[in-house]
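Okay, so here's the structure we're looking at.
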There are 4 protein chains.
Amino acid sequence: MPHGSGFDIPETMKAWVLGDPDELKPVEKSVPSPGTAEVLIRIDAVAICATDLEIISHGAPALIDGGPPFNKNFTPGHEFMGTIVQLGPTVDEYAVGDRVAVEIHAGCGRCRRCRMGMYTSCLNYGANFGDFSKGHRANGYTTDGAFTQYAVNHVNTLVRVPDAMSDEVATLIVTAGTATYGLDVLGGLVAGDSLVVTGAGPIGLLGVAVGKALGAEPVILTDIVDERLEIGVRLGADHVINAAREPAVEAVRRANGGHGVDFALECSGVPSALDDVIAMVNRGARICLAAFAHGPVKVDISQIVMNNTYLFGIRGEGKSAVRRAAALMAQQKFDATPVHTHTFPLSELPEALRHAREKLDGAIKVVIRNQDW
Amino acid sequence: MPHGSGFDIPETMKAWVLGDPDELKPVEKSVPSPGTAEVLIRIDAVAICATDLEIISHGAPALIDGGPPFNKNFTPGHEFMGTIVQLGPTVDEYAVGDRVAVEIHAGCGRCRRCRMGMYTSCLNYGANFGDFSKGHRANGYTTDGAFTQYAVNHVNTLVRVPDAMSDEVATLIVTAGTATYGLDVLGGLVAGDSLVVTGAGPIGLLGVAVGKALGAEPVILTDIVDERLEIGVRLGADHVINAAREPAVEAVRRANGGHGVDFALECSGVPSALDDVIAMVNRGARICLAAFAHGPVKVDISQIVMNNTYLFGIRGEGKSAVRRAAALMAQQKFDATPVHTHTFPLSELPEALRHAREKLDGAIKVVIRNQDW
Amino acid sequence: MPHGSGFDIPETMKAWVLGDPDELKPVEKSVPSPGTAEVLIRIDAVAICATDLEIISHGAPALIDGGPPFNKNFTPGHEFMGTIVQLGPTVDEYAVGDRVAVEIHAGCGRCRRCRMGMYTSCLNYGANFGDFSKGHRANGYTTDGAFTQYAVNHVNTLVRVPDAMSDEVATLIVTAGTATYGLDVLGGLVAGDSLVVTGAGPIGLLGVAVGKALGAEPVILTDIVDERLEIGVRLGADHVINAAREPAVEAVRRANGGHGVDFALECSGVPSALDDVIAMVNRGARICLAAFAHGPVKVDISQIVMNNTYLFGIRGEGKSAVRRAAALMAQQKFDATPVHTHTFPLSELPEALRHAREKLDGAIKVVIRNQDW
Amino acid sequence: MPHGSGFDIPETMKAWVLGDPDELKPVEKSVPSPGTAEVLIRIDAVAICATDLEIISHGAPALIDGGPPFNKNFTPGHEFMGTIVQLGPTVDEYAVGDRVAVEIHAGCGRCRRCRMGMYTSCLNYGANFGDFSKGHRANGYTTDGAFTQYAVNHVNTLVRVPDAMSDEVATLIVTAGTATYGLDVLGGLVAGDSLVVTGAGPIGLLGVAVGKALGAEPVILTDIVDERLEIGVRLGADHVINAAREPAVEAVRRANGGHGVDFALECSGVPSALDDVIAMVNRGARICLAAFAHGPVKVDISQIVMNNTYLFGIRGEGKSAVRRAAALMAQQKFDATPVHTHTFPLSELPEALRHAREKLDGAIKVVIRNQDW
């Protein structure tokens with residue numbers, strides 16, 4: 001029996017669920033109950049990620065039963081923050097009333113990868129529908145997500161939100177956590193080293209911000225939209241390159257004094273991205289792939305081998321990097337505010353999604369608030 | 001002035017040099033003199049590597065002046081062992097008469113990568129022709145190699161050959177060192193973990209041997225030539241798969257109990273190799289690329305990102321893995337003998353190269369002895 | 001409700017429990033029931049560890065309630081193996097009838113250290129008595145142990161025992177896992193590097209065996225008992241030094257060609273051990289402390305700082321090293337048999353403990369079989 | 001023959017050398033000439049380190065000939081910066097006129113540790129006097145140092161000083177590099193984790209600054225001098241504890257919410273320091289020892305083992321951490337100015353040393369300028 005509570009918790013809540021592909025339907029669902037190491041969170045704000053758009057169109061990835069969750073009452077949405085309203089029986093790490101941001105992944109805690117601390121590479125990924133659950137969760141991917149009013153989550157996924165931080169900015173903690181994790185897998189020691197970030201979406205922009213916060217220099221950002229590059233400058237980029245106007249590989253090397261760069265964070269997902277990035281870096285450099293094109297792309301593998309390049313694919317956050325990102329944000333090492341461009345109430349989610357999909361009105365990060373419904 | 005010597009050192013030596021593409025010419029060269037931290041080695045045996053064949057046809061890679069070294073008196077050959085016959089002025093780590101195998105790369109010792117211990121990723125790679133040298137050497141790639149009778153080399157490149165080991169097997173130490181380095185970059189702790197090696201050339205076969213020596217299990221080897229797979233079995237492979245007869249991805253997973261494997265060492269260089277390997281491994285797995293196809297290949301990058309896969313390109317050996325490999329061989333943790341199939345005298349190098357290129361008579365590792373000339 | 005079973009599981013079992021200090025009492029206990037991710041194991045054999053002797057005399061360490069568990073029905077014993085007789089509801093990693101060895105520690109899975117994969121450094125260590133449990137267990141330390149007939153354990157703690165391995169040798173898997181973990185924290189890449197092991201108890205002897213299996217050279221063992229040093233030789237030690245007969249520091253350096261060694265595994269726990277070991281190693285070397293003296297000892301810290309020495313304290317196994325050790329043993333990379341010297345039935349535990357405590361009859365590892373009671 | 005020069009380089013220079021213990025004598029020395037990979041630096045400023053005081057009193061440590069360098073024309077001093085006035089034959093990384101700070105250590109580049117990138121653990125430490133030199137240098141320890149007007153140094157030791165940084169602050173780059181290296185060996189990822197720094201000398205104070213720059217939280221500083229603790233507050237310390245007024249172990253844990261801290265940087269060198277620090281940290285924590293007491297101290301080793309504590313001794317800087325520190329300072333991530341308290345001309349070195357030794361007038365970092373002589 002969950003203990004503690006100072007909030008009125010309703011029995012049901014409003015939620016958006018997948019209907020047919022590209023269709024979201026509002027329904028009424030039961031408010032879930034936290035398990036032994038879980039909490040119930042009242043969702044206060046949730047940001048829209050490009051992956052949400054894909055899930056709504058194409059279904060969630062890698063479910064163990066193979067099928068997309070259309071018309072199965074599945075609620076997407078995964079970049080959220082909120083207020084703890086109920087604690088599971090063994091939870092003392094948090095208190096009712098705490099504001100928290102929420103990591104996407106909870107690992108099973110018992111596979112080879114979770115045992116290594118690699119809970120976002122959980123080998124029981126998706127093995128959590130029906131009777132057979134080992135505990136893995138990926139909010140809005142393999143378990144119900146955050147386009148609703150309440151959600152349960154394992155304590156492992158929670159990071160505290162400081163009082164002074166707005167709900168909207170707090171939804172960016174997980175995005176910043178992905179960028180931080182990207183730099184962590186590259187070794188984490190970037191002060192004084194050169195970094196190129198390709199793609200000025202939310203992860204890329206926050207990659208610039210985190211890279212600068214940790215002392216990388218120069219930090220070079222590439223994209224094809226000047227408005228986004230300008231936000232990159234506000235977040236600290238030393239050089240920005242519009243790849244639609246000049247050859248990016250040459251421009252990046254030129255911006256680094258004629259040399260290949262030490263670290264790369266690829267966030268664009270365009271088909272030529274990897275081939276370009278491996279030409280931007282120097283021998284022995286490290287590249288993090290945080291985005292991807294669909295379907296096969298052409299890559300000159302020989303460059304990877306001849307230059308002793310290391311590549312690290314990441315699917316979202318990991319290794320508590322979200323906690324580290326939250327600490328940097330709480331200490332105001334950078335200001336994520338420019339990444340947040342639009343806010344909609346939960347009742348207007350379809351309109352919010354349209355802004356995010358079509359990048360209307362310069363939309364970068366569109367945030368949904370749980371209100372007005 | 002180099003000190004010490006118990007050997008008669010001639011003033012000139014015979015050497016093979018690149019003429020036109022695909023042509024080797026015998027010439028007479030001066031015997032070189034060791035620098036301050038170098039030794040002069042009488043080459044006793046040198047093995048032919050697939051890269052030698054490429055250099056003879058297409059020129060050496062990545063020279064700083066951009067041009068292939070045809071008709072420039074360049075001597076290829078890099079997998080050699082021999083006997084120290086002269087010491088540079090500060091050398092006390094070795095003595096005249098010591099038998100040594102020789103790493104391919106000496107780093108400049110002063111770039112960012114060398115300072116990190118990554119001397120095979122030296123940022124001054126190839127910057128060693130003419131007056132401007134910072135000390136980087138890659139035998140037979142950027143500096144004169146071993147299809148000759150004598151060579152100078154930095155003490156950093158040397159590893160001792162035990163008395164009981166034949167010259168021919170000792171030429172395989174560097175190859176085993178590359179395989180060992182491949183496992184090192186994957187983390188080195190492979191005991192009890194699954195490993196697939198794709199491609200049963202010398203590096204792949206010795207990758208099987210080193211993997212088994214360190215306790216990997218199962219070790220699965222794929223190739224398309226049954227004779228090579230059989231040698232893999234002799235070197236310890238738990239499963240061998242002929243990819244010409246069955247779909248390799250499915251077969252590898254089946255051989256691993258239906259699961260993706262933990263580690264992969266790609267040594268085939270076939271165009272589909274990376275795409276296959278990323279489908280053979282499990283979430284969070286690590287792949288070493290030790291071979292490559294020429295030109296762009298198609299890769300489903302999305303699998304790398306969604307599965308949190310890490311890829312490590314290696315160009316030959318590194319981080320003293322050759323020394324570790326030599327130790328394993330000296331301790332008879334595996335027997336590399338089956339990888340060595342043919343021996344020719346130095347005077348018959350062209351015929352030896354033909355055997356290696358055309359894989360005549362089951363040729364895997366063809367060794368040249370410095371004799372009969 | 002646990003599922004599966006092909007074994008008759010009694011309702012009660014015989015168990016030894018702590019009475020007053022130095023007293024063990026036989027009692028009848030209920031057979032426990034496995035939780036959701038746990039299994040019930042019929043204990044087949046359990047080895048006596050020096051720590052068991054301490055717990056029986058002084059109580060278990062670090063319990064959250066501060067008190068030793070005398071006269072509280074507490075069952076010690078932690079180096080055990082057995083047969084799975086019942087599965088918890090979500091367990092499919094193992095089947096009833098599987099023979100398994102059992103790691104001592106199960107982490108809470110939710111603290112900062114467990115999230116990093118450091119489950120033996122769980123910050124909720126010992127927080128598992130009474131109503132408030134977050135899941136940490138240390139068999140025979142903070143939860144009931146193995147001097148009985150049945151035990152429940154989390155699947156994370158289990159490693160398979162191969163058919164060909166005897167129960168007695170299988171109890172040594174955890175000990176070998178501690179030695180393996182010791183080498184892992186030192187970096188794991190020991191082939192061709194020098195290693196000194198101080199103290200020829202079970203962990204030290206198996207440290208020699210694992211070190212040799214992984215290619216360390218030379219491996220030097222120190223102790224003050226010739227019989228134990230002779231077993232070290234059987235397990236592969238290149239040099240053994242009786243520290244009662246010659247100054248150990250000088251002898252170790254001499255055995256390593258006059259140089260300090262690269263790695264050290266301290267297993268003696270004598271007061272002068274650390275001071276000696278820091279004098280045995282070279283600059284930049286790494287030392288694992290796997291044993292300790294009670295109370296403060298004198299250490300010349302300046303040597304640690306001036307030589308850039310790294311020290312790693314380990315409390316038992318960690319990071320799945322037990323699984324790696326089991327793989328090495330299953331592959332017969334070494335033969336642990338000489339470490340096992342005596343066997344007693346469970347009913348004669350007090351006599352077995354006496355042999356272990358007093359090292360009667362050359363006792364090294366004394367094993368208890370669950371029989372004859 | 002060194003090339004390049006826009007400066008008038010005299011043939012001789014003034015230098016302080018060791019006379020008898022505690023005596024410095026002014027002499028005239030030849031200006032040295034840079035070797036192949038070296039530069040000649042006009043020393044502009046040099047800071048006094050506590051180790052200088054020890055060398056002047058007791059001789060330099062660990063010289064290969066075993067003897068202290070009294071009355072041997074030896075010049076101490078090692079925390080310096082200056083202007084490049086001449087380049088060795090192969091140097092193109094820097095230009096004449098560049099302002100540089102100088103790492104203390106240049107490794108031999110050919111021992112096992114240098115090959116790993118651990119050049120401050122060079123196994124040829126001190127092997128550089130007389131005819132037999134393998135290239136290791138430790139300025140002011142094993143080779144002539146910086147209490148003079150010119151010095152040669154290997155390019156590996158140099159880091160650029162930005163135009164906007166004063167000479168005096170630039171002498172602190174190496175000190176900040178030691179603090180940065182201390183955090184690097186602890187893993188480098190400190191954002192959001194707790195850190196205690198014991199000892200508010202220059203390294204400790206800059207450890208606070210670097211820790212805060214990288215996001216550690218809370219950062220707790222202990223010392224026994226309120227003035228120094230106040231400077232710690234200016235550099236960002238979240239909590240300061242005067243260990244002369246309250247028990248430091250309890251106070252540190254209390255400042256960290258009742259828990260042991262994650263990381264510790266011990267910079268006090270007091271005899272009880274290690275024993276205190278191991279009681280301040282939590283299970284699995286990491287401690288860097290950057291200072292030390294002379295002679296043996298008492299340590300409760302059992303805590304290190306039972307808590308899985310890792311200890312890292314460091315002797316000064318390493319792994320290019322100085323370059324990282326310089327980048328953080330150039331980017332104004334922290335302001336080192338408060339650590340610099342006094343300036344003297346080179347001619348008044350004895351008076352400057354007296355201020356440093358006796359901590360006169362609140363002296364922390366006393367800087368010598370090469371002028372007025």
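Starting from 1 in every chain, residues are counted up; chains themselves are A, B, ... following the order of the structure tokens, and ligands are numbered from 1 as listed.
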Item to check | Residue neighbourhood segment 116-120 of chain D, 9 Å, only C-alpha atoms, exclusion window fewer than 5 positions, as a list in words | outcome: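 So, after excluding close chain neighbours, the residues are Arg113, Cys114, Arg115, Met116, Gly117, Met118, Lys319 and Ser320 of chain B; Arg283, Gly284 and Asn308 of chain C; Ile104, His105, Ala106, Gly107, Cys108, Gly109, Cys111, Tyr125, His136, Ala138, Ile314, Arg315, Gly316, Glu317, Gly318 and Lys319 of chain D.
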I need the chosen residues saved as a short mmCIF file (atom, residue, chain, number, x, y, z; two decimals), in the first residue's frame, with N, CA and C atoms.
data_model
loop_
_atom_site.label_atom_id
_atom_site.label_comp_id
_atom_site.auth_asym_id
_atom_site.auth_seq_id
_atom_site.Cartn_x
_atom_site.Cartn_y
_atom_site.Cartn_z
N ARG B 113 47.41 13.11 -29.15
CA ARG B 113 47.09 11.68 -29.05
C ARG B 113 48.25 10.89 -28.43
N CYS B 114 49.46 11.16 -28.86
CA CYS B 114 50.61 10.46 -28.27
C CYS B 114 50.67 10.73 -26.77
N ARG B 115 50.37 11.96 -26.40
CA ARG B 115 50.39 12.31 -24.98
C ARG B 115 49.34 11.53 -24.19
N MET B 116 48.29 11.05 -24.88
CA MET B 116 47.27 10.23 -24.25
C MET B 116 47.62 8.74 -24.28
N GLY B 117 48.75 8.41 -24.88
CA GLY B 117 49.10 7.01 -25.04
C GLY B 117 48.58 6.40 -26.33
N MET B 118 47.92 7.19 -27.16
CA MET B 118 47.34 6.68 -28.42
C MET B 118 48.32 6.92 -29.58
N LYS B 319 48.61 0.84 -27.91
CA LYS B 319 48.66 0.76 -26.45
C LYS B 319 49.40 -0.48 -25.93
N SER B 320 50.53 -0.76 -26.55
CA SER B 320 51.38 -1.87 -26.10
C SER B 320 50.68 -3.22 -26.12
N ARG C 283 56.51 3.17 -10.06
CA ARG C 283 55.74 4.40 -10.17
C ARG C 283 54.50 4.17 -11.03
N GLY C 284 53.39 4.73 -10.59
CA GLY C 284 52.17 4.60 -11.38
C GLY C 284 51.51 3.24 -11.27
N ASN C 308 52.71 8.23 -7.37
CA ASN C 308 51.46 8.18 -8.13
C ASN C 308 50.81 6.80 -8.04
N ILE D 104 55.41 20.90 -15.04
CA ILE D 104 56.64 20.54 -14.35
C ILE D 104 57.34 19.37 -15.02
N HIS D 105 56.55 18.36 -15.42
CA HIS D 105 57.12 17.09 -15.86
C HIS D 105 57.14 16.94 -17.38
N ALA D 106 58.29 16.51 -17.90
CA ALA D 106 58.35 15.94 -19.24
C ALA D 106 58.77 14.49 -19.07
N GLY D 107 58.01 13.57 -19.64
CA GLY D 107 58.34 12.16 -19.51
C GLY D 107 59.41 11.76 -20.51
N CYS D 108 59.98 10.56 -20.30
CA CYS D 108 60.99 10.07 -21.22
C CYS D 108 60.35 9.67 -22.55
N GLY D 109 59.06 9.36 -22.51
CA GLY D 109 58.38 8.97 -23.74
C GLY D 109 58.65 7.54 -24.17
N CYS D 111 59.20 4.74 -21.56
CA CYS D 111 58.98 3.71 -20.54
C CYS D 111 57.52 3.26 -20.61
N TYR D 125 62.12 8.53 -14.07
CA TYR D 125 62.12 9.73 -13.24
C TYR D 125 63.51 9.98 -12.69
N HIS D 136 63.59 12.41 -19.41
CA HIS D 136 62.70 12.85 -18.35
C HIS D 136 63.22 14.14 -17.73
N ALA D 138 61.91 17.01 -14.54
CA ALA D 138 60.95 17.59 -13.60
C ALA D 138 61.57 18.89 -13.14
N ILE D 314 48.68 11.46 -6.30
CA ILE D 314 49.20 12.18 -7.45
C ILE D 314 50.38 13.05 -7.01
N ARG D 315 51.40 13.07 -7.84
CA ARG D 315 52.54 13.94 -7.61
C ARG D 315 52.49 15.03 -8.66
N GLY D 316 51.77 16.09 -8.36
CA GLY D 316 51.65 17.16 -9.34
C GLY D 316 50.64 16.83 -10.41
N GLU D 317 50.84 17.43 -11.54
CA GLU D 317 49.88 17.40 -12.63
C GLU D 317 50.03 16.12 -13.45
N GLY D 318 49.21 15.97 -14.51
CA GLY D 318 49.34 14.82 -15.40
C GLY D 318 48.28 14.82 -16.47
N LYS D 319 48.50 13.97 -17.46
CA LYS D 319 47.52 13.74 -18.53
C LYS D 319 46.93 15.02 -19.10
#
Item to check | Check: which chain B residues lie within 6 Å of chain A using only C-alpha atoms, as a ChimeraX atom specification | outcome: /B:121,283-284,292,295-300,302,304-306,308-315
Item to check | Selection: 12 Å around segment 250-258 of chain D, only C-alpha atoms, excl. self and same-chain fewer than 3 positions, as a VMD selection string | outcome: chain D and resid 193 to 198 217 to 223 237 to 247 261 to 264 276 to 282
Next on the checklist: Residues of segment 4-132 of chain B classed as strand (DSSP E or B) by DSSP on the backbone are to be reported as a PyMOL selection string.
Outcome noted: chain B and resi 12-18+24-30+38-47+79-87+99-102+105-106
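Atom CA of Gly88 of chain C is found 5.0 Å from atom CA of Glu38 of chain C.
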Item to check | Which residue of D:Thr148, D:Gln331, D:Ser268, D:Asn73 approaches Gly204 of chain D most closely, using only C-alpha atoms | outcome: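 Distance minimum relative to Gly204 of chain D lands on D:Ser268.
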Item to check | Between atom CA of Gly188 of chain A and atom CA of Pro162 of chain A - distance in Å to one decimal | outcome: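 Atom-to-atom, atom CA of Pro162 of chain A and atom CA of Gly188 of chain A are spaced 24.2 Å apart.
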Checklist entry - So what do you get for atom CA of Lys212 of chain C versus atom CA of Ala216 of chain B, distance-wise? => result 16.1 Å
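Nearest to Pro32 of chain B of all the residues B:Thr12, B:Ser166, B:Thr143, B:Thr343 is B:Thr12, based on only C-alpha atoms.
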Item to check | Residues within 7 Å of Val27 of chain C, only C-alpha atoms, excluding chain neighbours under 6 positions, as a PyMOL selection string | outcome: chain C and resi 14-17
May I have the residues from that selection written out with N, CA and C atoms, as a JSON list (two decimals), in the first residue's frame?
[["chain", "number", "residue", "atom", "x", "y", "z"],
["C", 14, "LYS", "N", 17.02, -27.52, 8.79],
["C", 14, "LYS", "CA", 17.98, -27.34, 9.88],
["C", 14, "LYS", "C", 18.88, -26.17, 9.55],
["C", 15, "ALA", "N", 19.25, -25.41, 10.58],
["C", 15, "ALA", "CA", 20.14, -24.26, 10.36],
["C", 15, "ALA", "C", 20.98, -24.03, 11.60],
["C", 16, "TRP", "N", 22.20, -23.58, 11.38],
["C", 16, "TRP", "CA", 23.04, -23.12, 12.48],
["C", 16, "TRP", "C", 22.81, -21.62, 12.65],
["C", 17, "VAL", "N", 22.68, -21.20, 13.90],
["C", 17, "VAL", "CA", 22.50, -19.77, 14.16],
["C", 17, "VAL", "C", 23.47, -19.33, 15.26]]
Item to check | For Ala200 of chain C: contacts at 10 Å, only C-alpha atoms, fewer than 6 positions along chain excluded, given as a ChimeraX atom specification | outcome: /C:206-208,221-232,240,266-268,339,364
Hey, can you spit out that residue selection with N, CA and C atoms as a PDB file, in the first residue's frame?
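The file below, again.pdb, is the result:
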ATOM      1  N   LEU C 206      44.080 -17.993  -5.321  1.00  0.00           N
ATOM      2  CA  LEU C 206      43.298 -17.912  -6.558  1.00  0.00           C
ATOM      3  C   LEU C 206      43.653 -16.654  -7.338  1.00  0.00           C
ATOM      4  N   GLY C 207      44.141 -15.628  -6.668  1.00  0.00           N
ATOM      5  CA  GLY C 207      44.672 -14.463  -7.381  1.00  0.00           C
ATOM      6  C   GLY C 207      45.862 -14.843  -8.241  1.00  0.00           C
ATOM      7  N   VAL C 208      46.720 -15.691  -7.697  1.00  0.00           N
ATOM      8  CA  VAL C 208      47.836 -16.213  -8.496  1.00  0.00           C
ATOM      9  C   VAL C 208      47.296 -16.959  -9.713  1.00  0.00           C
ATOM     10  N   LEU C 221      54.468 -14.569  -5.360  1.00  0.00           N
ATOM     11  CA  LEU C 221      53.599 -14.798  -4.201  1.00  0.00           C
ATOM     12  C   LEU C 221      54.431 -14.751  -2.935  1.00  0.00           C
ATOM     13  N   THR C 222      53.927 -14.016  -1.921  1.00  0.00           N
ATOM     14  CA  THR C 222      54.605 -14.011  -0.622  1.00  0.00           C
ATOM     15  C   THR C 222      53.687 -14.566   0.457  1.00  0.00           C
ATOM     16  N   ASP C 223      54.274 -15.258   1.408  1.00  0.00           N
ATOM     17  CA  ASP C 223      53.558 -15.746   2.585  1.00  0.00           C
ATOM     18  C   ASP C 223      54.629 -16.168   3.595  1.00  0.00           C
ATOM     19  N   ILE C 224      54.180 -16.682   4.724  1.00  0.00           N
ATOM     20  CA  ILE C 224      55.176 -17.136   5.695  1.00  0.00           C
ATOM     21  C   ILE C 224      55.072 -18.639   5.939  1.00  0.00           C
ATOM     22  N   VAL C 225      54.210 -19.309   5.172  1.00  0.00           N
ATOM     23  CA  VAL C 225      54.025 -20.751   5.353  1.00  0.00           C
ATOM     24  C   VAL C 225      54.441 -21.463   4.064  1.00  0.00           C
ATOM     25  N   ASP C 226      55.467 -22.296   4.162  1.00  0.00           N
ATOM     26  CA  ASP C 226      55.981 -22.947   2.963  1.00  0.00           C
ATOM     27  C   ASP C 226      54.941 -23.816   2.262  1.00  0.00           C
ATOM     28  N   GLU C 227      54.108 -24.492   3.036  1.00  0.00           N
ATOM     29  CA  GLU C 227      53.120 -25.376   2.410  1.00  0.00           C
ATOM     30  C   GLU C 227      52.181 -24.571   1.518  1.00  0.00           C
ATOM     31  N   ARG C 228      51.820 -23.392   1.955  1.00  0.00           N
ATOM     32  CA  ARG C 228      50.921 -22.570   1.144  1.00  0.00           C
ATOM     33  C   ARG C 228      51.647 -22.034  -0.094  1.00  0.00           C
ATOM     34  N   LEU C 229      52.886 -21.685   0.085  1.00  0.00           N
ATOM     35  CA  LEU C 229      53.660 -21.217  -1.074  1.00  0.00           C
ATOM     36  C   LEU C 229      53.798 -22.327  -2.111  1.00  0.00           C
ATOM     37  N   GLU C 230      53.914 -23.558  -1.618  1.00  0.00           N
ATOM     38  CA  GLU C 230      54.013 -24.679  -2.570  1.00  0.00           C
ATOM     39  C   GLU C 230      52.723 -24.837  -3.365  1.00  0.00           C
ATOM     40  N   ILE C 231      51.598 -24.614  -2.716  1.00  0.00           N
ATOM     41  CA  ILE C 231      50.325 -24.644  -3.473  1.00  0.00           C
ATOM     42  C   ILE C 231      50.301 -23.504  -4.485  1.00  0.00           C
ATOM     43  N   GLY C 232      50.871 -22.354  -4.109  1.00  0.00           N
ATOM     44  CA  GLY C 232      50.994 -21.248  -5.055  1.00  0.00           C
ATOM     45  C   GLY C 232      51.769 -21.654  -6.295  1.00  0.00           C
ATOM     46  N   VAL C 240      58.025 -17.663  -5.475  1.00  0.00           N
ATOM     47  CA  VAL C 240      57.402 -17.607  -4.153  1.00  0.00           C
ATOM     48  C   VAL C 240      58.456 -17.158  -3.151  1.00  0.00           C
ATOM     49  N   GLU C 266      46.882  -7.393  -2.428  1.00  0.00           N
ATOM     50  CA  GLU C 266      47.229  -7.619  -1.017  1.00  0.00           C
ATOM     51  C   GLU C 266      46.109  -8.431  -0.359  1.00  0.00           C
ATOM     52  N   CYS C 267      46.457  -9.646   0.060  1.00  0.00           N
ATOM     53  CA  CYS C 267      45.490 -10.581   0.632  1.00  0.00           C
ATOM     54  C   CYS C 267      45.906 -11.076   1.997  1.00  0.00           C
ATOM     55  N   SER C 268      46.908 -10.470   2.604  1.00  0.00           N
ATOM     56  CA  SER C 268      47.399 -11.013   3.870  1.00  0.00           C
ATOM     57  C   SER C 268      46.723 -10.388   5.078  1.00  0.00           C
ATOM     58  N   VAL C 339      43.263 -25.715  -3.558  1.00  0.00           N
ATOM     59  CA  VAL C 339      42.877 -24.785  -2.494  1.00  0.00           C
ATOM     60  C   VAL C 339      41.886 -25.439  -1.528  1.00  0.00           C
ATOM     61  N   ILE C 364      43.261 -25.141   4.259  1.00  0.00           N
ATOM     62  CA  ILE C 364      43.129 -23.859   3.577  1.00  0.00           C
ATOM     63  C   ILE C 364      41.633 -23.600   3.412  1.00  0.00           C
TER      64      ILE C 364
END
Checklist entry - Could you name the residues that touch Arg369 of chain B at 12 Å or less, counting only C-alpha atoms, but leaving out those on the same chain fewer than 2 positions away, as a ChimeraX atom specification? => result /B:42-48,79-82,146-149,166-171,342-349,352,366-367,371-373
